[in-house]
2 protein chains.
Amino acid sequence: MSDKALSSSQRAIHELRDRIFSGELAAGSDHLESELADLLSMSRTPVREAVLTLEGQGLLEMRPRKGVRILPVSPEDMAEIYDVLTELESHAAEQAASAGYDVEALSILARAIDDMDAAIETSDLDAWAEADDRFHRELVRLGGNSRIEAIVTMMNDQVRRARTMTLFIRPLPVKSNKDHRQVYQAIRKGDAETARQSHRAHRQHAKDVLVDLIKKNRLHFL
Amino acid sequence: MSDKALSSSQRAIHELRDRIFSGELAAGSDHLESELADLLSMSRTPVREAVLTLEGQGLLEMRPRKGVRILPVSPEDMAEIYDVLTELESHAAEQAASAGYDVEALSILARAIDDMDAAIETSDLDAWAEADDRFHRELVRLGGNSRIEAIVTMMNDQVRRARTMTLFIRPLPVKSNKDHRQVYQAIRKGDAETARQSHRAHRQHAKDVLVDLIKKNRLHFL
DNA sequence: GCATTTTTTTGAGTATGCATTAATAAATCC
DNA sequence: GGATTTATTAATGCATACTCAAAAAAATGC
């Protein structure tokens with residue numbers, strides 16, 4: 001409906017991203033430019049442009065003569081990424097708390113928390129993941145720093161496959177929503193320092209759980 | 001000596017970056033792809049590739065039919081960027097402190113601090129800026145997170161022009177080195193929390209000074 | 001003289017072809 | 001037979017040309 005007037009480059013970016021996230025283009029696999037061009041039924045030019053863009057986002061790597069490599073994510077990468085997310089999201093939480101938003105402005109956040117609770121009730125992991133993602137995205141948006149938004153989006157993209165994989169092996173995130181509520185309350189009260197530290201602790205814990213999970217399950221390159 | 005075997009795309013990236021930093025390609029100015037291609041004596045293809053890359057780094061923006069726009073940096077942008085730098089560098093400081101580096105491993109840091117002192121003695125602002133940059137780069141490197149390194153580099157590039165401009169209007173950073181030494185000492189002692197908070201305070205202060213300076217001097221778009 | 005339509009221009013997006021050079025295979029030498 | 005050189009292949013990097021749509025200019029109508 002909307003990609004009617006989408007350029008080939010743009011289409012290439014989206015289609016490649018989708019295929020990377022779905023695993024159709026597997027982590028660690030190599031692909032010639034011409035192969036990708038054939039796959040997407042376009043010439044090499046827009047494919048090259050898309051690849052260049054995605055390389056900048058850390059999703060793949062151009063290796064002259066060896067093809068485009070879909071970057072795998074090691075446990076070390078996960079740790080790096082979660083540290084970045086921890087720092088930047090906590091800052092966003094702090095800023096959001098300082099901004100003095102009213103209840104109305106925080107409704108998306110509240111909704112996401114409720115949805116997570118509901119999802120856990122019904123053990124609907126996909127719904128939980130979606131709501132969790134919504135919570136974090138909105139939190140960062142409320143932080144009001146467009147660069148942080150962009151970086152966080154990038155980092156999340158980099159771990160998307162890993163998160164999908166682990167979603168069904170990890171323990172049910174029953175406790176997690178207590179953290180979310182705490183962050184929410186702190187923001188509502190305008191308590192910047194508590195918002196910051198609660199979210200920081202929340203994220204650090206998530207990092208530990210995930211990295212551990214990946215190591216334990218020998219998912220060394222996702 | 002080194003750009004002997006450099007591809008046109010790579011050359012385009014470097015030359016465009018240099019011209020953006022020098023101001024030869026002025027902030028806010030628009031340039032057709034063909035114009036840039038002529039400027040660099042190459043075809044549009046490698047120029048487009050370079051432009052795409054630099055767009056990903058936040059240095060310019062492609063606006064179809066209107067040309068490539070060199071992105072200006074507003075005081076709000078500066079604030080955003082410094083907040084990112086503050087969070088990520090403090091984390092690096094914390095990690096560096098936790099890593100248990102010995103004196104030898106911290107020598108570059110120590111050297112940079114000494115050089116800043118010397119530069120202030122002789123009021124050599126360029127030397128001071130260079131050493132300051134060296135200090136921050138090394139600190140981030142010691143933090144051991146490659147993504148943080150990349151992001152910090154990107155953010156620094158985005159404010160490079162602004163920093164050059166303000167270097168000669170800002171007050172002599174005489175006090176600044178006390179902060180640096182404090183961070184250094186904390187890292188040496190392995191005191192992660194102090195390292196983190198000292199650097200955080202240092203960066204936050206730097207942000208306030210710079211943003212204020214830019215506003216006061218009406219340098220609204222650098 | 002202003003608004004609206006038509007024409008022209010021009011710049012970006014894409015396909016294509018070719019030159020270059022790295023990687024692979026073949027051939028030669030010891 | 002193994003190692004080294006030479007020949008072949010093939011993927012990339014780049015230039016070029018073409019298409020199409022947007023913007024500017026010109027022409028027309030009122």
# chains A, B, ... in the order shown; residues from 1 in each chain; ligands from 1
$ residues_around --residues "DG29 of chain D" --least-positions-apart "6" --cutoff "10 Å" --atoms "only C-alpha atoms (C1' of nucleotides)" --output "list of chain:residue names"
C:DA3, C:DT4, C:DT5
$ interface_residues --of "chain D" --to "chain A" --cutoff "10 Å" --atoms "only C-alpha atoms (C1' of nucleotides)" --output "PDB file with N, CA and C atoms (P, O5', C5', C4', C3', O3' and C1' of nucleotides), in the first residue's frame"
ATOM      1  P    DA D  10      34.308 -18.228 -13.902  1.00  0.00           P
ATOM      2  O5'  DA D  10      34.246 -17.047 -12.827  1.00  0.00           O
ATOM      3  C5'  DA D  10      34.972 -17.181 -11.618  1.00  0.00           C
ATOM      4  C4'  DA D  10      34.913 -15.859 -10.898  1.00  0.00           C
ATOM      5  C3'  DA D  10      33.602 -15.104 -11.092  1.00  0.00           C
ATOM      6  O3'  DA D  10      33.344 -14.396  -9.907  1.00  0.00           O
ATOM      7  C1'  DA D  10      35.320 -13.745 -11.761  1.00  0.00           C
ATOM      8  P    DA D  11      31.951 -14.482  -9.196  1.00  0.00           P
ATOM      9  O5'  DA D  11      32.020 -13.233  -8.212  1.00  0.00           O
ATOM     10  C5'  DA D  11      33.057 -13.169  -7.262  1.00  0.00           C
ATOM     11  C4'  DA D  11      33.427 -11.726  -7.028  1.00  0.00           C
ATOM     12  C3'  DA D  11      32.227 -10.787  -6.944  1.00  0.00           C
ATOM     13  O3'  DA D  11      32.358  -9.994  -5.773  1.00  0.00           O
ATOM     14  C1'  DA D  11      33.793  -9.988  -8.538  1.00  0.00           C
ATOM     15  P    DT D  12      31.301  -8.948  -5.378  1.00  0.00           P
ATOM     16  O5'  DT D  12      32.179  -7.627  -5.517  1.00  0.00           O
ATOM     17  C5'  DT D  12      33.446  -7.572  -4.893  1.00  0.00           C
ATOM     18  C4'  DT D  12      34.256  -6.474  -5.523  1.00  0.00           C
ATOM     19  C3'  DT D  12      33.661  -5.082  -5.358  1.00  0.00           C
ATOM     20  O3'  DT D  12      34.666  -4.249  -4.812  1.00  0.00           O
ATOM     21  C1'  DT D  12      34.271  -5.462  -7.618  1.00  0.00           C
ATOM     22  P    DG D  13      34.314  -2.882  -4.083  1.00  0.00           P
ATOM     23  O5'  DG D  13      34.744  -1.828  -5.192  1.00  0.00           O
ATOM     24  C5'  DG D  13      36.107  -1.712  -5.525  1.00  0.00           C
ATOM     25  C4'  DG D  13      36.249  -0.746  -6.680  1.00  0.00           C
ATOM     26  C3'  DG D  13      35.498   0.571  -6.482  1.00  0.00           C
ATOM     27  O3'  DG D  13      36.397   1.620  -6.851  1.00  0.00           O
ATOM     28  C1'  DG D  13      34.808  -0.436  -8.511  1.00  0.00           C
TER      29       DG D  13
END
$ interface_residues --of "chain A" --to "chain B" --cutoff "9 Å" --atoms "only C-alpha atoms" --output "compact mmCIF listing (two decimals) with N, CA and C atoms, in the first residue's frame"
# COMPACT_ATOMS: atom_id res chain seq x y z
N THR A 45 23.58 -1.73 -8.65
CA THR A 45 23.72 -0.38 -8.12
C THR A 45 22.90 -0.12 -6.85
N ARG A 48 24.19 -2.22 -3.94
CA ARG A 48 25.42 -1.68 -3.34
C ARG A 48 25.09 -0.52 -2.39
N GLU A 49 24.18 0.33 -2.81
CA GLU A 49 23.84 1.46 -1.96
C GLU A 49 23.19 0.99 -0.66
N LEU A 52 25.81 -0.57 1.59
CA LEU A 52 26.62 0.47 2.21
C LEU A 52 25.90 1.04 3.43
N THR A 53 24.62 1.31 3.26
CA THR A 53 23.83 1.83 4.37
C THR A 53 23.77 0.84 5.53
N GLU A 55 25.77 -1.50 6.19
CA GLU A 55 27.09 -1.64 6.80
C GLU A 55 27.26 -0.58 7.88
N GLY A 56 26.79 0.62 7.58
CA GLY A 56 26.84 1.70 8.56
C GLY A 56 26.01 1.42 9.80
N GLN A 57 25.02 0.56 9.64
CA GLN A 57 24.18 0.21 10.78
C GLN A 57 24.70 -1.01 11.52
N ASP A 77 29.69 -9.26 21.73
CA ASP A 77 28.93 -8.20 21.06
C ASP A 77 27.68 -7.86 21.85
N ALA A 79 27.18 -8.14 24.97
CA ALA A 79 27.56 -7.39 26.17
C ALA A 79 27.80 -5.92 25.81
N GLU A 80 28.54 -5.70 24.74
CA GLU A 80 28.80 -4.33 24.30
C GLU A 80 27.51 -3.58 24.04
N ILE A 81 26.66 -4.22 23.29
CA ILE A 81 25.40 -3.57 22.88
C ILE A 81 24.52 -3.27 24.08
N ASP A 83 25.46 -2.77 27.08
CA ASP A 83 26.05 -1.68 27.86
C ASP A 83 25.68 -0.33 27.26
N VAL A 84 25.73 -0.25 25.94
CA VAL A 84 25.33 1.00 25.28
C VAL A 84 23.86 1.29 25.58
N GLU A 87 23.29 2.51 29.22
CA GLU A 87 23.67 3.91 29.47
C GLU A 87 22.70 4.88 28.82
N LEU A 88 22.40 4.65 27.57
CA LEU A 88 21.59 5.64 26.86
C LEU A 88 20.12 5.62 27.28
N HIS A 91 19.74 7.31 30.63
CA HIS A 91 19.75 8.76 30.44
C HIS A 91 18.39 9.23 29.96
N GLY A 144 13.72 12.49 24.62
CA GLY A 144 13.86 13.70 23.82
C GLY A 144 15.21 13.94 23.16
N ASN A 145 15.98 12.90 22.99
CA ASN A 145 17.28 13.06 22.32
C ASN A 145 17.27 12.20 21.06
N SER A 146 17.22 12.87 19.93
CA SER A 146 17.05 12.14 18.67
C SER A 146 18.23 11.24 18.35
N ARG A 147 19.40 11.64 18.78
CA ARG A 147 20.57 10.80 18.51
C ARG A 147 20.52 9.54 19.35
N ILE A 148 20.10 9.67 20.57
CA ILE A 148 19.96 8.49 21.41
C ILE A 148 18.92 7.55 20.81
N ILE A 151 20.59 5.74 17.88
CA ILE A 151 21.59 4.76 18.29
C ILE A 151 20.92 3.54 18.92
$ closest_atom_pairs --of "chain C" --to "chain A" --cutoff "12 Å" --atoms "only C-alpha atoms (C1' of nucleotides)" --output "Markdown table"
| residue | atom | partner | partner_atom | distance |
| --- | --- | --- | --- | --- |
| C:DA12 | C1' | A:Ser7 | CA | 10.8 |
| C:DG13 | C1' | A:Ser7 | CA | 7.6 |
| C:DT14 | C1' | A:Thr45 | CA | 6.8 |
| C:DA15 | C1' | A:Ser43 | CA | 6.2 |
| C:DT16 | C1' | A:Ser43 | CA | 8.9 |
| C:DT21 | C1' | A:Arg65 | CA | 9.9 |
| C:DA22 | C1' | A:Arg65 | CA | 7.1 |
| C:DA23 | C1' | A:Arg65 | CA | 8.1 |
$ write_last_selection --atoms "N, CA and C atoms (P, O5', C5', C4', C3', O3' and C1' of nucleotides)" --output "short mmCIF file (atom, residue, chain, number, x, y, z; two decimals), in the first residue's frame"
data_model
loop_
_atom_site.label_atom_id
_atom_site.label_comp_id
_atom_site.auth_asym_id
_atom_site.auth_seq_id
_atom_site.Cartn_x
_atom_site.Cartn_y
_atom_site.Cartn_z
P DA C 12 21.15 15.72 -7.64
"O5'" DA C 12 20.32 14.37 -7.50
"C5'" DA C 12 19.02 14.45 -6.93
"C4'" DA C 12 18.24 13.21 -7.26
"C3'" DA C 12 18.86 11.91 -6.76
"O3'" DA C 12 17.80 11.13 -6.24
"C1'" DA C 12 18.52 11.79 -9.10
P DG C 13 18.11 9.78 -5.46
"O5'" DG C 13 17.79 8.70 -6.58
"C5'" DG C 13 16.44 8.43 -6.90
"C4'" DG C 13 16.39 7.33 -7.92
"C3'" DG C 13 17.09 6.04 -7.50
"O3'" DG C 13 16.22 4.97 -7.82
"C1'" DG C 13 17.94 6.77 -9.58
P DT C 14 16.54 3.52 -7.34
"O5'" DT C 14 17.17 2.87 -8.65
"C5'" DT C 14 16.31 2.72 -9.79
"C4'" DT C 14 17.14 2.35 -10.98
"C3'" DT C 14 17.96 1.07 -10.83
"O3'" DT C 14 17.32 0.08 -11.61
"C1'" DT C 14 19.12 2.80 -12.01
P DA C 15 17.88 -1.41 -11.63
"O5'" DA C 15 18.57 -1.42 -13.07
"C5'" DA C 15 17.84 -0.90 -14.17
"C4'" DA C 15 18.73 -0.90 -15.41
"C3'" DA C 15 19.51 -2.19 -15.67
"O3'" DA C 15 19.42 -2.49 -17.05
"C1'" DA C 15 21.01 -0.36 -15.54
P DT C 16 20.03 -3.84 -17.59
"O5'" DT C 16 21.46 -3.40 -18.16
"C5'" DT C 16 21.53 -2.27 -19.02
"C4'" DT C 16 22.97 -1.96 -19.35
"C3'" DT C 16 23.88 -3.19 -19.53
"O3'" DT C 16 24.57 -3.03 -20.75
"C1'" DT C 16 24.89 -1.64 -18.09
P DT C 21 44.67 -2.33 -10.76
"O5'" DT C 21 44.46 -3.51 -9.74
"C5'" DT C 21 43.30 -3.50 -8.89
"C4'" DT C 21 42.98 -4.91 -8.47
"C3'" DT C 21 44.22 -5.77 -8.16
"O3'" DT C 21 43.92 -6.53 -7.01
"C1'" DT C 21 42.85 -6.90 -9.65
P DA C 22 44.96 -6.74 -5.87
"O5'" DA C 22 44.27 -7.86 -4.97
"C5'" DA C 22 42.92 -7.65 -4.57
"C4'" DA C 22 42.13 -8.94 -4.73
"C3'" DA C 22 42.78 -10.16 -4.09
"O3'" DA C 22 41.78 -10.84 -3.38
"C1'" DA C 22 42.28 -10.61 -6.36
P DA C 23 42.14 -12.02 -2.37
"O5'" DA C 23 41.68 -13.30 -3.23
"C5'" DA C 23 40.30 -13.42 -3.52
"C4'" DA C 23 40.11 -14.57 -4.47
"C3'" DA C 23 40.69 -15.90 -3.99
"O3'" DA C 23 39.70 -16.89 -4.21
"C1'" DA C 23 41.45 -15.43 -6.18
#
$ select_by_dssp --residues "segment 135-172 of chain A" --states "helix (DSSP H, G or I)" --output "PyMOL selection string"
chain A and resi 135-143+146-158+160-167
$ atom_distance --atom1 "atom CA of Leu71 of chain A" --atom2 "atom CA of Ala201 of chain A"
28.8 Å
$ residues_around --residues "DT5 of chain D" --least-positions-apart "4" --cutoff "12 Å" --atoms "only C-alpha atoms (C1' of nucleotides)" --output "ChimeraX atom specification"
/C:26-29
$ residues_around --residues "segment 110-114 of chain A" --least-positions-apart "3" --cutoff "6 Å" --atoms "only C-alpha atoms (C1' of nucleotides)" --output "ChimeraX atom specification"
/A:107,117,131,135
$ write_last_selection --atoms "C-alpha atoms" --output "tab-separated table (two decimals), in the first residue's frame"
chain	number	residue	atom	x	y	z
A	107	SER	CA	-0.13	6.84	28.59
A	117	ASP	CA	1.22	-7.96	32.40
A	131	ALA	CA	4.94	-4.61	24.38
A	135	PHE	CA	7.86	0.39	26.32
$ residues_around --residues "DT24 of chain C" --least-positions-apart "4" --cutoff "12 Å" --atoms "only C-alpha atoms (C1' of nucleotides)" --output "compact mmCIF listing (two decimals) with N, CA and C atoms (P, O5', C5', C4', C3', O3' and C1' of nucleotides), in the first residue's frame"
# COMPACT_ATOMS: atom_id res chain seq x y z
P DA D 7 51.65 -16.87 -19.14
O5' DA D 7 50.17 -17.43 -18.90
C5' DA D 7 49.92 -18.81 -19.13
C4' DA D 7 48.49 -19.13 -18.76
C3' DA D 7 47.43 -18.25 -19.42
O3' DA D 7 46.40 -19.11 -19.90
C1' DA D 7 47.16 -18.20 -17.07
P DT D 8 45.21 -18.50 -20.74
O5' DT D 8 44.02 -18.53 -19.67
C5' DT D 8 43.79 -19.75 -18.96
C4' DT D 8 42.72 -19.53 -17.89
C3' DT D 8 41.50 -18.75 -18.37
O3' DT D 8 40.36 -19.56 -18.13
C1' DT D 8 42.30 -17.90 -16.30
P DT D 9 38.94 -19.08 -18.63
O5' DT D 9 38.30 -18.64 -17.23
C5' DT D 9 38.46 -19.50 -16.11
C4' DT D 9 38.02 -18.78 -14.86
C3' DT D 9 36.67 -18.06 -14.99
O3' DT D 9 35.84 -18.53 -13.94
C1' DT D 9 38.29 -16.63 -14.04
P DA D 10 34.31 -18.23 -13.90
O5' DA D 10 34.25 -17.05 -12.83
C5' DA D 10 34.97 -17.18 -11.62
C4' DA D 10 34.91 -15.86 -10.90
C3' DA D 10 33.60 -15.10 -11.09
O3' DA D 10 33.34 -14.40 -9.91
C1' DA D 10 35.32 -13.75 -11.76
$ select_by_dssp --residues "chain B" --states "strand (DSSP E)" --output "number ranges by chain"
B: 30-31, 60-63, 67-70
$ write_last_selection --atoms "C-alpha atoms" --output "compact mmCIF listing (two decimals), in the first residue's frame"
# COMPACT_ATOMS: atom_id res chain seq x y z
CA ASP B 30 23.78 22.44 -0.71
CA HIS B 31 25.76 20.65 -3.38
CA LEU B 60 25.25 15.46 5.71
CA GLU B 61 21.87 14.71 4.28
CA MET B 62 20.77 13.69 0.81
CA ARG B 63 17.78 15.65 -0.32
CA GLY B 67 21.41 18.42 -3.45
CA VAL B 68 23.54 17.17 -0.62
CA ARG B 69 23.18 19.37 2.42
CA ILE B 70 26.03 19.76 4.85
$ residues_around --residues "DA25 of chain D" --least-positions-apart "4" --cutoff "10 Å" --atoms "only C-alpha atoms (C1' of nucleotides)" --output "PyMOL selection string"
chain C and resi 7-9
$ write_last_selection --atoms "N, CA and C atoms (P, O5', C5', C4', C3', O3' and C1' of nucleotides)" --output "mmCIF file, in the first residue's frame"
data_model
loop_
_atom_site.group_PDB
_atom_site.id
_atom_site.type_symbol
_atom_site.label_atom_id
_atom_site.label_comp_id
_atom_site.auth_asym_id
_atom_site.auth_seq_id
_atom_site.Cartn_x
_atom_site.Cartn_y
_atom_site.Cartn_z
ATOM 1 P P DT C 7 2.422 21.483 -24.513
ATOM 2 O "O5'" DT C 7 3.925 21.927 -24.235
ATOM 3 C "C5'" DT C 7 4.314 23.262 -24.565
ATOM 4 C "C4'" DT C 7 5.683 23.535 -23.967
ATOM 5 C "C3'" DT C 7 6.742 22.491 -24.332
ATOM 6 O "O3'" DT C 7 7.780 23.168 -25.021
ATOM 7 C "C1'" DT C 7 6.793 23.002 -22.010
ATOM 8 P P DT C 8 8.987 22.417 -25.623
ATOM 9 O "O5'" DT C 8 10.046 22.659 -24.470
ATOM 10 C "C5'" DT C 8 10.268 23.987 -23.997
ATOM 11 C "C4'" DT C 8 11.255 23.961 -22.844
ATOM 12 C "C3'" DT C 8 12.476 23.077 -23.080
ATOM 13 O "O3'" DT C 8 13.629 23.869 -22.894
ATOM 14 C "C1'" DT C 8 11.497 22.624 -20.960
ATOM 15 P P DT C 9 15.038 23.299 -23.127
ATOM 16 O "O5'" DT C 9 15.501 23.104 -21.618
ATOM 17 C "C5'" DT C 9 15.244 24.155 -20.690
ATOM 18 C "C4'" DT C 9 15.537 23.687 -19.276
ATOM 19 C "C3'" DT C 9 16.866 22.941 -19.121
ATOM 20 O "O3'" DT C 9 17.553 23.530 -18.042
ATOM 21 C "C1'" DT C 9 15.118 21.705 -18.135
#
$ residues_around --residues "His220 of chain A" --least-positions-apart "6" --cutoff "10 Å" --atoms "only C-alpha atoms (C1' of nucleotides)" --output "list in words"
Pro72, Val73, Ser74, Pro75, Glu76, Val211 and Ile214 of chain A
